[in-house]
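Undergrad: Just so it is clear, I am handing over final-v4.cif, which has mmCIF, C-alpha atoms and all ligand atoms.
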data_final
#
loop_
_atom_site.label_atom_id
_atom_site.label_comp_id
_atom_site.auth_asym_id
_atom_site.auth_seq_id
_atom_site.Cartn_x
_atom_site.Cartn_y
_atom_site.Cartn_z
CA MET L 1 20.94 -18.21 3.51
CA ARG L 2 17.70 -19.60 5.00
CA PRO L 3 14.49 -18.29 3.43
CA ILE L 4 12.49 -15.62 5.27
CA THR L 5 9.36 -17.25 6.68
CA VAL L 6 6.01 -15.58 5.97
CA VAL L 7 2.40 -15.87 7.16
CA VAL L 8 -0.25 -14.11 5.06
CA HIS L 9 -3.21 -12.44 6.84
CA GLY L 10 -6.20 -12.13 4.49
CA ALA L 11 -4.83 -15.07 2.48
CA LEU L 12 -8.18 -15.86 0.82
CA GLY L 13 -8.66 -12.33 -0.50
CA LYS L 14 -7.65 -10.98 -3.91
CA MET L 15 -4.38 -9.44 -2.69
CA GLY L 16 -3.71 -12.29 -0.23
CA ARG L 17 -3.80 -14.80 -3.10
CA GLU L 18 -1.40 -12.69 -5.18
CA VAL L 19 0.97 -12.40 -2.21
CA THR L 20 0.80 -16.17 -1.66
CA ASN L 21 1.73 -16.74 -5.32
CA ALA L 22 4.56 -14.20 -5.19
CA VAL L 23 6.01 -15.59 -1.94
CA CYS L 24 5.91 -19.14 -3.33
CA ARG L 25 7.73 -18.01 -6.51
CA ASP L 26 10.63 -16.45 -4.57
CA PRO L 27 13.31 -18.96 -3.50
CA ASN L 28 14.40 -16.64 -0.67
CA LEU L 29 10.94 -16.63 0.95
CA GLU L 30 8.90 -19.44 2.47
CA MET L 31 5.15 -19.31 3.13
CA ILE L 32 4.50 -21.23 6.36
CA GLY L 33 0.93 -20.27 7.28
CA ALA L 34 -2.24 -18.51 6.18
CA VAL L 35 -4.95 -16.70 8.11
CA ASP L 36 -8.35 -15.49 6.96
CA ILE L 37 -11.62 -14.86 8.80
CA GLN L 38 -13.33 -16.86 6.03
CA ALA L 39 -11.16 -19.97 6.53
CA THR L 40 -13.29 -23.13 6.43
CA GLN L 41 -10.48 -25.65 5.85
CA GLU L 42 -7.40 -26.34 7.94
CA GLN L 43 -4.90 -26.36 5.06
CA LEU L 44 -4.23 -24.00 2.17
CA THR L 45 -2.89 -25.60 -1.00
CA LEU L 46 -0.03 -23.53 -2.36
CA PRO L 47 0.52 -22.89 -6.09
CA ASN L 48 3.17 -24.64 -8.22
CA ALA L 49 2.97 -27.88 -6.20
CA SER L 50 4.58 -26.10 -3.22
CA GLY L 51 2.52 -28.25 -0.83
CA GLN L 52 0.09 -27.12 1.87
CA VAL L 53 0.33 -24.78 4.87
CA PRO L 54 -1.92 -24.46 7.94
CA LEU L 55 -4.92 -22.18 7.33
CA SER L 56 -6.92 -20.74 10.23
CA SER L 57 -9.09 -17.82 11.27
CA ASP L 58 -7.10 -17.59 14.54
CA LEU L 59 -4.07 -15.38 13.88
CA SER L 60 -2.68 -15.66 17.38
CA SER L 61 -2.48 -19.46 17.31
CA VAL L 62 -0.95 -19.54 13.81
CA LEU L 63 1.80 -17.12 14.88
CA GLN L 64 2.41 -19.08 18.10
CA ASN L 65 2.62 -22.42 16.28
CA ARG L 66 4.51 -21.31 13.16
CA HIS L 67 6.84 -18.51 14.45
CA PRO L 68 7.10 -16.64 11.12
CA GLN L 69 9.57 -13.79 10.67
CA VAL L 70 7.07 -11.66 8.74
CA LEU L 71 3.28 -11.24 8.73
CA VAL L 72 1.92 -9.75 5.48
CA ASP L 73 -1.51 -8.17 5.94
CA PHE L 74 -4.05 -7.34 3.22
CA THR L 75 -7.40 -7.32 5.05
CA ILE L 76 -9.44 -4.39 6.41
CA ALA L 77 -8.11 -1.60 8.62
CA GLU L 78 -9.67 -2.85 11.91
CA ALA L 79 -8.29 -6.36 11.34
CA SER L 80 -4.85 -4.95 10.46
CA MET L 81 -4.63 -3.13 13.76
CA VAL L 82 -5.61 -6.23 15.75
CA ALA L 83 -3.02 -8.18 13.74
CA ALA L 84 -0.35 -5.51 14.30
CA ARG L 85 -0.80 -5.73 18.09
CA ILE L 86 -0.70 -9.55 18.13
CA ALA L 87 2.25 -9.81 15.73
CA ALA L 88 4.41 -7.16 17.41
CA GLN L 89 3.86 -8.74 20.83
CA GLN L 90 5.02 -12.07 19.39
CA GLY L 91 8.13 -10.51 17.82
CA VAL L 92 6.86 -10.85 14.24
CA ASN L 93 7.81 -8.17 11.67
CA LEU L 94 4.89 -6.57 9.82
CA VAL L 95 4.17 -5.65 6.20
CA ILE L 96 0.77 -3.97 5.88
CA GLY L 97 -0.82 -3.04 2.57
CA THR L 98 -4.37 -2.61 3.84
CA SER L 99 -5.86 0.82 3.08
CA GLY L 100 -7.53 3.17 5.51
CA LEU L 101 -5.14 3.26 8.48
CA SER L 102 -5.38 6.57 10.36
CA ASP L 103 -2.47 8.69 11.59
CA ASP L 104 -3.23 7.38 15.10
CA ASP L 105 -3.02 3.81 13.78
CA LEU L 106 0.37 4.56 12.19
CA SER L 107 1.65 6.08 15.45
CA GLU L 108 0.50 3.00 17.34
CA ILE L 109 2.22 0.66 14.85
CA ASP L 110 5.42 2.68 15.23
CA ARG L 111 5.22 2.52 19.04
CA LEU L 112 4.42 -1.22 18.99
CA SER L 113 7.24 -2.05 16.62
CA GLN L 114 9.79 0.08 18.49
CA SER L 115 8.89 -1.37 21.89
CA ASN L 116 8.88 -4.97 20.61
CA LYS L 117 12.03 -4.44 18.49
CA VAL L 118 10.44 -5.47 15.19
CA GLY L 119 10.16 -3.76 11.82
CA ALA L 120 6.92 -2.54 10.24
CA VAL L 121 6.35 -1.42 6.65
CA VAL L 122 3.01 0.18 5.87
CA ALA L 123 2.47 1.19 2.25
CA PRO L 124 -0.85 2.32 0.80
CA ASN L 125 0.54 1.62 -2.70
CA PHE L 126 3.08 -1.14 -3.34
CA ALA L 127 3.33 -0.52 -7.10
CA LEU L 128 6.92 0.45 -7.97
CA GLY L 129 5.69 2.78 -10.73
CA ALA L 130 3.51 4.68 -8.25
CA ALA L 131 6.50 5.17 -5.92
CA VAL L 132 8.62 6.46 -8.83
CA LEU L 133 5.78 8.76 -9.98
CA LEU L 134 5.62 10.21 -6.45
CA HIS L 135 9.36 10.87 -6.56
CA LEU L 136 9.14 12.55 -10.00
CA ALA L 137 6.11 14.60 -8.93
CA ARG L 138 8.04 15.90 -5.91
CA THR L 139 10.83 17.04 -8.23
CA ALA L 140 8.50 18.65 -10.80
CA ALA L 141 6.54 20.40 -8.02
CA ARG L 142 9.53 22.66 -7.36
CA PHE L 143 9.39 24.07 -10.91
CA PHE L 144 5.67 24.51 -11.64
CA ASP L 145 3.06 26.77 -10.01
CA ASN L 146 0.00 24.86 -11.25
CA ALA L 147 -0.85 21.17 -11.00
CA GLU L 148 -3.91 18.93 -11.18
CA ILE L 149 -4.33 15.18 -10.58
CA ILE L 150 -6.64 12.75 -12.38
CA GLU L 151 -6.97 9.33 -10.75
CA LEU L 152 -8.87 6.46 -12.39
CA HIS L 153 -10.12 3.30 -10.64
CA ASP L 154 -12.69 0.55 -11.05
CA ASP L 155 -16.31 1.31 -10.22
CA GLU L 156 -16.22 -0.74 -6.98
CA LYS L 157 -13.61 1.42 -5.25
CA ALA L 158 -15.18 2.59 -2.00
CA ASP L 159 -13.41 5.91 -1.53
CA ALA L 160 -12.63 9.00 -3.59
CA PRO L 161 -10.19 10.44 -4.17
CA SER L 162 -7.70 7.59 -3.80
CA GLY L 163 -5.30 7.62 -0.86
CA THR L 164 -2.46 7.67 -3.40
CA ALA L 165 -3.81 10.85 -5.03
CA LEU L 166 -4.10 12.58 -1.65
CA ALA L 167 -0.59 11.47 -0.65
CA THR L 168 0.80 12.63 -4.03
CA ALA L 169 -0.81 16.08 -3.69
CA ARG L 170 0.50 16.45 -0.12
CA ALA L 171 4.03 15.38 -1.14
CA MET L 172 4.02 17.87 -4.04
CA VAL L 173 2.94 20.73 -1.76
CA GLN L 174 5.54 19.75 0.85
CA SER L 175 8.28 19.67 -1.79
CA ARG L 176 7.24 23.09 -3.14
CA GLY L 177 6.92 24.57 0.33
CA LYS L 178 3.67 26.42 -0.43
CA PRO L 179 0.24 25.73 -1.99
CA PHE L 180 -0.10 25.54 -5.79
CA VAL L 181 -1.84 28.31 -7.72
CA TYR L 182 -5.47 27.33 -8.32
CA PRO L 183 -7.24 29.21 -11.11
CA ARG L 184 -10.79 29.86 -9.87
CA THR L 185 -13.46 29.30 -12.52
CA ARG L 186 -15.88 32.21 -12.59
CA MET L 187 -18.85 30.14 -13.64
CA GLU L 188 -18.95 26.48 -12.51
CA LYS L 189 -21.97 25.29 -14.47
CA LEU L 190 -21.87 21.82 -12.95
CA SER L 191 -21.04 21.54 -9.24
CA GLY L 192 -17.83 19.56 -8.63
CA SER L 193 -16.61 19.79 -12.22
CA ARG L 194 -13.32 21.36 -11.08
CA GLY L 195 -12.66 18.41 -8.73
CA GLY L 196 -11.75 18.38 -5.05
CA LEU L 197 -9.14 20.87 -3.86
CA ILE L 198 -6.11 20.15 -1.71
CA ASP L 199 -3.66 23.05 -1.22
CA GLY L 200 -4.30 24.38 -4.72
CA VAL L 201 -4.17 20.96 -6.44
CA ALA L 202 -7.51 19.98 -8.04
CA VAL L 203 -8.04 16.20 -7.81
CA HIS L 204 -10.44 14.49 -10.23
CA SER L 205 -11.69 10.92 -9.65
CA VAL L 206 -12.88 8.69 -12.51
CA ARG L 207 -14.74 5.45 -11.61
CA LEU L 208 -15.44 2.99 -14.45
CA PRO L 209 -15.73 -0.78 -14.86
CA GLY L 210 -12.73 -2.07 -16.79
CA LEU L 211 -10.17 0.12 -15.03
CA VAL L 212 -7.65 -1.21 -12.48
CA ALA L 213 -5.77 1.83 -11.10
CA SER L 214 -4.19 4.80 -12.87
CA GLN L 215 -2.99 8.24 -11.88
CA GLU L 216 -1.91 11.22 -13.94
CA VAL L 217 -0.32 14.37 -12.52
CA ILE L 218 -0.37 17.31 -14.94
CA PHE L 219 1.81 20.33 -14.25
CA GLY L 220 1.19 23.54 -16.18
CA ALA L 221 3.23 26.67 -16.90
CA LEU L 222 3.32 29.31 -19.64
CA GLY L 223 3.41 27.57 -23.02
CA GLN L 224 3.96 24.03 -21.65
CA THR L 225 2.58 21.15 -19.61
CA LEU L 226 4.32 18.15 -18.05
CA SER L 227 2.32 14.94 -17.54
CA LEU L 228 3.36 12.04 -15.31
CA ARG L 229 1.17 8.97 -15.65
CA HIS L 230 1.15 5.53 -14.05
CA ASP L 231 -1.19 2.73 -15.18
CA THR L 232 -1.69 -0.66 -13.60
CA THR L 233 -3.20 -3.52 -15.57
CA SER L 234 -3.26 -6.26 -12.90
CA ARG L 235 -2.71 -6.79 -9.18
CA GLU L 236 0.65 -8.39 -10.00
CA CYS L 237 2.02 -4.84 -10.18
CA TYR L 238 2.05 -4.70 -6.38
CA MET L 239 4.08 -7.87 -5.85
CA PRO L 240 7.67 -6.66 -6.48
CA GLY L 241 7.03 -3.93 -3.89
CA VAL L 242 5.57 -6.37 -1.36
CA ILE L 243 8.56 -8.70 -1.83
CA VAL L 244 11.04 -5.81 -1.34
CA ALA L 245 9.18 -4.88 1.85
CA VAL L 246 9.28 -8.46 3.23
CA LYS L 247 13.03 -8.66 2.60
CA GLU L 248 13.72 -5.23 4.11
CA VAL L 249 11.42 -5.28 7.12
CA VAL L 250 13.42 -8.02 8.85
CA LYS L 251 16.45 -5.68 8.93
CA ARG L 252 14.61 -2.80 10.59
CA GLN L 253 12.95 -1.61 13.79
CA GLY L 254 10.02 0.78 13.94
CA LEU L 255 7.73 1.99 11.17
CA VAL L 256 8.70 2.71 7.57
CA TYR L 257 5.79 4.40 5.78
CA GLY L 258 5.48 4.18 2.00
CA LEU L 259 7.32 2.08 -0.56
CA ASP L 260 9.28 5.14 -1.72
CA ALA L 261 10.94 5.26 1.70
CA LEU L 262 12.33 1.74 1.08
CA LEU L 263 13.79 2.55 -2.34
CA ASN L 264 16.74 4.75 -3.22
CA LEU L 265 14.53 7.69 -4.18
CA GLU L 266 15.96 11.09 -3.32
CA GLY L 267 13.63 13.21 -1.17
CA SER L 268 11.59 10.33 0.22
CA GLY L 269 13.42 10.06 3.53
CA GLU L 270 15.46 6.89 4.01
CA GLY L 271 16.56 4.44 1.32
CA VAL L 272 17.76 0.86 1.12
N1 LIG A 301 -1.06 -1.31 -0.61
C1 LIG A 301 -1.40 -1.63 -1.84
O1 LIG A 301 -0.62 -1.50 -2.79
C2 LIG A 301 -2.78 -2.20 -2.10
C3 LIG A 301 -3.12 -2.69 -3.36
C4 LIG A 301 -4.40 -3.24 -3.53
C5 LIG A 301 -5.28 -3.31 -2.46
N2 LIG A 301 -4.90 -2.80 -1.26
C6 LIG A 301 -5.75 -2.89 -0.07
O2 LIG A 301 -5.62 -4.20 0.46
C7 LIG A 301 -6.82 -4.54 1.18
C8 LIG A 301 -7.33 -5.88 0.71
O3 LIG A 301 -7.71 -5.78 -0.63
P1 LIG A 301 -8.31 -7.03 -1.43
O4 LIG A 301 -8.64 -6.54 -2.78
O5 LIG A 301 -7.43 -8.21 -1.28
O6 LIG A 301 -9.66 -7.28 -0.60
P2 LIG A 301 -10.46 -8.65 -0.43
O7 LIG A 301 -11.78 -8.29 0.14
O8 LIG A 301 -10.41 -9.45 -1.69
O9 LIG A 301 -9.62 -9.47 0.68
C9 LIG A 301 -9.60 -9.15 2.05
C10 LIG A 301 -9.48 -10.46 2.81
O10 LIG A 301 -9.34 -10.13 4.19
C11 LIG A 301 -10.13 -11.06 4.93
N3 LIG A 301 -10.49 -10.47 6.22
C12 LIG A 301 -11.37 -9.47 6.47
N4 LIG A 301 -11.47 -9.24 7.79
C13 LIG A 301 -10.62 -10.11 8.39
C14 LIG A 301 -10.28 -10.37 9.74
N5 LIG A 301 -10.85 -9.69 10.76
N6 LIG A 301 -9.35 -11.32 10.01
C15 LIG A 301 -8.80 -12.06 8.99
N7 LIG A 301 -9.10 -11.86 7.68
C16 LIG A 301 -9.99 -10.89 7.39
C17 LIG A 301 -11.35 -11.32 4.06
O11 LIG A 301 -11.98 -12.54 4.42
C18 LIG A 301 -10.71 -11.36 2.67
O12 LIG A 301 -10.35 -12.68 2.30
C19 LIG A 301 -7.77 -3.37 0.95
O13 LIG A 301 -7.68 -2.49 2.03
C20 LIG A 301 -7.23 -2.72 -0.31
O14 LIG A 301 -7.58 -1.36 -0.41
C21 LIG A 301 -3.68 -2.25 -1.07
#
Please express what this file holds, its structure, as C-alpha cells.

TA:
Amino acid sequence: MRPITVVVHGALGKMGREVTNAVCRDPNLEMIGAVDIQATQEQLTLPNASGQVPLSSDLSSVLQNRHPQVLVDFTIAEASMVAARIAAQQGVNLVIGTSGLSDDDLSEIDRLSQSNKVGAVVAPNFALGAAVLLHLARTAARFFDNAEIIELHDDEKADAPSGTALATARAMVQSRGKPFVYPRTRMEKLSGSRGGLIDGVAVHSVRLPGLVASQEVIFGALGQTLSLRHDTTSRECYMPGVIVAVKEVVKRQGLVYGLDALLNLEGSGEGV
C-alpha cells in the first residue's frame, strides 16, 4: 500500500511541528510539503533524517505542485477557512485541529467537502482520552441529576471556558434530554465563584503556568459522586488522534466533527 501523502499547514507552529514528527514516524504516511506564513526558507528539514520537503507561505502553490491527499491544519481560524476553500477546490482532504471555528464555518466546510467530493475531519480536541471522557460523560449523564466541570489549562490560553468543556457540557445535556439540576447558592460572597452556567452545569476554569490541559467532570447524587478526569502532560497526546483522522479522512466525503465520531464510541454518531 502506498503511503498517504500529507502537507502540514502551520508547520512551524507548536502543533505543526508535532504533526510533522508524527507523520514522519508513521510508515504509512509521507510528509511531502509544509506551509507557514512565517516561512523564510524554501525547505523544511524533517526529523529522523527523513530528508527535506518544500516549505512556503503560499498554500495554493504547494498544493498545486505537490498534490497531497491530505492537508493537516493547525493555524488560526481565519487561515483554516482560507485553507479549507483552497484545499477542497483542489480535491485535497482536510484534517483541521485549529480552535475557534464557528457553526457557519463548519457548515461551509461540510458544503465544500461534499461538493468537491473530499473528506474533512474537524476536531477541537484530538486527545484520545478526551474523546473517551466525552463518551463516558454522556453515559453517566443519564443517571445523575447534578454535574459540574473543572477544566485546567496553562496561563496563556486565550479563552475560557475551553471549547472542550463547553462541548462536554452540551453533550451531557443532550444525552440526558433536559438541563441538569443546579443548586443556587443563597449568598455568593465572591462574584463568579460558582463558575459559568450552561444548562445547569457549572463550569470552572483554572489558569496556571505549569499546566497543559486537564478536565474533570464530577457527577453528584445522594450519598455518592462520580469523577471522570483526563490529564494531558504533553502535546504528543494529540498525535494518535491526528494520525487516525489522516488515515480515515481519505475514505470519506463531507464533514466529520469530533474525534469521538471517528472512533467506535457508542452514542457519538458514526464510527470507524
Ligand atoms: N484540536 C486539538 O486537539 C488542538 C490541540 C492543541 C492546539 N489546538 C489548536 O491548534 C491551533 C494551533 O496551535 P499551536 O499551539 O500550534 O499554535 P502556534 O501559534 O504555535 O502555531 C500556529 C502556526 O500557524 C501559523 N499561521 C498563522 N496564520 C497563518 C496563515 N494565515 N497561514 C499559514 N500559517 C499561519 C503560525 O505562523 C504558526 O507557526 C490553535 O488554534 C490551538 O488552539 C488544537

Undergrad: List as a tab-separated table every residue of chain L that is in contact with ligand LIG 301 (chain A), defined as an atom at most 7 Å from one of its atoms (using only C-alpha atoms and all ligand atoms), together with the nearest atom pair and the distance in Å rounded to one decimal, sorted by chain and then rising number.

TA:
residue	atom	partner	partner_atom	distance
L:His9	CA	A:LIG301	N7	6.0
L:Gly10	CA	A:LIG301	O10	3.7
L:Ala11	CA	A:LIG301	O12	6.0
L:Leu12	CA	A:LIG301	O12	4.1
L:Gly13	CA	A:LIG301	O9	3.2
L:Lys14	CA	A:LIG301	O5	3.8
L:Met15	CA	A:LIG301	O5	3.6
L:Gly16	CA	A:LIG301	O5	5.6
L:Val35	CA	A:LIG301	C15	6.1
L:Asp36	CA	A:LIG301	N7	3.8
L:Ile37	CA	A:LIG301	C15	4.0
L:Gln38	CA	A:LIG301	O11	4.8
L:Ser57	CA	A:LIG301	C15	6.2
L:Phe74	CA	A:LIG301	C8	4.4
L:Thr75	CA	A:LIG301	O10	3.5
L:Ile76	CA	A:LIG301	O13	5.1
L:Ala77	CA	A:LIG301	O13	6.7
L:Ala79	CA	A:LIG301	N5	4.2
L:Gly97	CA	A:LIG301	N1	3.6
L:Thr98	CA	A:LIG301	O13	3.8
L:Ser99	CA	A:LIG301	O13	3.9
L:Gly100	CA	A:LIG301	O13	6.6
L:Ala123	CA	A:LIG301	N1	5.2
L:Pro124	CA	A:LIG301	N1	3.9
L:Asn125	CA	A:LIG301	O1	3.3
L:Phe126	CA	A:LIG301	O1	3.8
L:Ala127	CA	A:LIG301	O1	5.9
L:Arg235	CA	A:LIG301	C4	6.9
L:Tyr238	CA	A:LIG301	O1	5.5

Undergrad: Report, in Å to a single decimal, how far apart atom CA of L:Leu128 and atom CA of L:Ser80 are.

TA: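 A separation of 22.5 Å between them.
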
Undergrad: Which polymer residues have any atom within 7 Å of an atom of L:Phe180, counting only C-alpha atoms, with same-chain residues fewer than 4 positions away left out, as an MDAnalysis selection string?

TA: chainID L and resid 145:147 173 199:201

Undergrad: Give me the residues near L:Val82 as a ChimeraX atom specification, where near means some atom within 12 Å (using all atoms listed in the file) and where sequence neighbours in that chain fewer than 5 positions away do not count.

TA: /L:9,58-60,73,75-77,87-89,96,101,105,108-109,112

Undergrad: How would the residues just picked look written out with C-alpha atoms as a CSV table (one decimal), in the coordinates of the input?

TA:
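Wrote it out as out_2.csv, contents follow:
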chain,number,residue,atom,x,y,z
L,9,HIS,CA,-3.2,-12.4,6.8
L,58,ASP,CA,-7.1,-17.6,14.5
L,59,LEU,CA,-4.1,-15.4,13.9
L,60,SER,CA,-2.7,-15.7,17.4
L,73,ASP,CA,-1.5,-8.2,5.9
L,75,THR,CA,-7.4,-7.3,5.0
L,76,ILE,CA,-9.4,-4.4,6.4
L,77,ALA,CA,-8.1,-1.6,8.6
L,87,ALA,CA,2.2,-9.8,15.7
L,88,ALA,CA,4.4,-7.2,17.4
L,89,GLN,CA,3.9,-8.7,20.8
L,96,ILE,CA,0.8,-4.0,5.9
L,101,LEU,CA,-5.1,3.3,8.5
L,105,ASP,CA,-3.0,3.8,13.8
L,108,GLU,CA,0.5,3.0,17.3
L,109,ILE,CA,2.2,0.7,14.8
L,112,LEU,CA,4.4,-1.2,19.0

Undergrad: Distance atom CA of L:His230-atom CA of L:Ala245, one decimal place?

TA: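 It comes out at 20.6 Å.
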
Undergrad: If we count only C-alpha atoms and set the cut-off at 8 Å, which residues sit around L:Arg142, ignoring sequence neighbours fewer than 4 positions away in its own chain? Please answer as a list of chain:residue names.

TA: L:Arg138, L:Ser175, L:Arg176

Undergrad: Around (9.3, -19.9, -2.1) in the file's frame, which residues reach within 12 Å when counting all atoms listed in the file? Return as a PDB file with C-alpha atoms, in the coordinates of the input?

TA:
ATOM      1  CA  ARG L   2      17.700 -19.600   5.000  1.00  0.00           C
ATOM      2  CA  PRO L   3      14.490 -18.290   3.430  1.00  0.00           C
ATOM      3  CA  ILE L   4      12.490 -15.620   5.270  1.00  0.00           C
ATOM      4  CA  THR L   5       9.360 -17.250   6.680  1.00  0.00           C
ATOM      5  CA  VAL L   6       6.010 -15.580   5.970  1.00  0.00           C
ATOM      6  CA  VAL L  19       0.970 -12.400  -2.210  1.00  0.00           C
ATOM      7  CA  THR L  20       0.800 -16.170  -1.660  1.00  0.00           C
ATOM      8  CA  ASN L  21       1.730 -16.740  -5.320  1.00  0.00           C
ATOM      9  CA  ALA L  22       4.560 -14.200  -5.190  1.00  0.00           C
ATOM     10  CA  VAL L  23       6.010 -15.590  -1.940  1.00  0.00           C
ATOM     11  CA  CYS L  24       5.910 -19.140  -3.330  1.00  0.00           C
ATOM     12  CA  ARG L  25       7.730 -18.010  -6.510  1.00  0.00           C
ATOM     13  CA  ASP L  26      10.630 -16.450  -4.570  1.00  0.00           C
ATOM     14  CA  PRO L  27      13.310 -18.960  -3.500  1.00  0.00           C
ATOM     15  CA  ASN L  28      14.400 -16.640  -0.670  1.00  0.00           C
ATOM     16  CA  LEU L  29      10.940 -16.630   0.950  1.00  0.00           C
ATOM     17  CA  GLU L  30       8.900 -19.440   2.470  1.00  0.00           C
ATOM     18  CA  MET L  31       5.150 -19.310   3.130  1.00  0.00           C
ATOM     19  CA  ILE L  32       4.500 -21.230   6.360  1.00  0.00           C
ATOM     20  CA  LEU L  46      -0.030 -23.530  -2.360  1.00  0.00           C
ATOM     21  CA  PRO L  47       0.520 -22.890  -6.090  1.00  0.00           C
ATOM     22  CA  ASN L  48       3.170 -24.640  -8.220  1.00  0.00           C
ATOM     23  CA  ALA L  49       2.970 -27.880  -6.200  1.00  0.00           C
ATOM     24  CA  SER L  50       4.580 -26.100  -3.220  1.00  0.00           C
ATOM     25  CA  GLY L  51       2.520 -28.250  -0.830  1.00  0.00           C
ATOM     26  CA  ILE L 243       8.560  -8.700  -1.830  1.00  0.00           C
TER      27      ILE L 243
END

Undergrad: Could you check which of L:Arg184, L:Arg17, L:Lys247, L:Leu228 is closest to L:His135, using all atoms listed in the file?

TA: L:Leu228

Undergrad: Calculated over only C-alpha atoms, which of the candidates L:Met81, L:Val206, L:Tyr257, L:Thr168 has the smallest distance to L:Ala140?

TA: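 Looking only at the distances to L:Ala140, the closest residue turns out to be L:Thr168.
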
Undergrad: What does the structure give for the distance between atom CA of L:Glu156 and atom CA of L:Glu236, in Å to one decimal?

TA: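 We find that atom CA of L:Glu156 and atom CA of L:Glu236 lie 18.8 Å from each other.
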
Undergrad: Using all atoms listed in the file, which of L:Ala213, L:Leu259, L:Lys251, L:Arg229 sits nearest L:Gln69?

TA: L:Lys251

Undergrad: Which of these, L:Asp103, L:Glu216, L:Asp154, L:Glu148, has the shortest distance to L:Leu197 once you count only C-alpha atoms?

TA: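 Once distances to L:Leu197 are computed over only C-alpha atoms, the minimum belongs to L:Glu148.
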
Undergrad: Could you give me, as a list in words, the residues that have an atom at most 9 Å away from the point (-15.4, -3.2, -17.0) in the coordinates of the file, using all atoms listed in the file?

TA: Asp154, Asp155, Leu208, Pro209, Gly210 and Leu211 of chain L

Undergrad: Between L:Leu55, L:Leu136, L:Ala84, L:Ala169, which is the closest to L:Ala39 once you count only C-alpha atoms?

TA: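 Once distances to L:Ala39 are computed over only C-alpha atoms, the minimum belongs to L:Leu55.
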
Undergrad: Output, as AutoDock Vina command-line options, the centre and edge lengths in Å (one decimal) of the axis-aligned box that contains all listed atoms of stretch 245-254 of chain L with 8 Å of margin on each side.

TA:
--center_x 12.8 --center_y -3.9 --center_z 7.9 --size_x 23.3 --size_y 25.4 --size_z 28.1

Undergrad: Compare L:Val246, L:Met239, L:Leu134, L:Leu265 by their minimum atom-to-atom distance to L:Val7, counting only C-alpha atoms, and give me the closest one.

TA: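 Answer, going by the shortest atom-to-atom distance: L:Val246.
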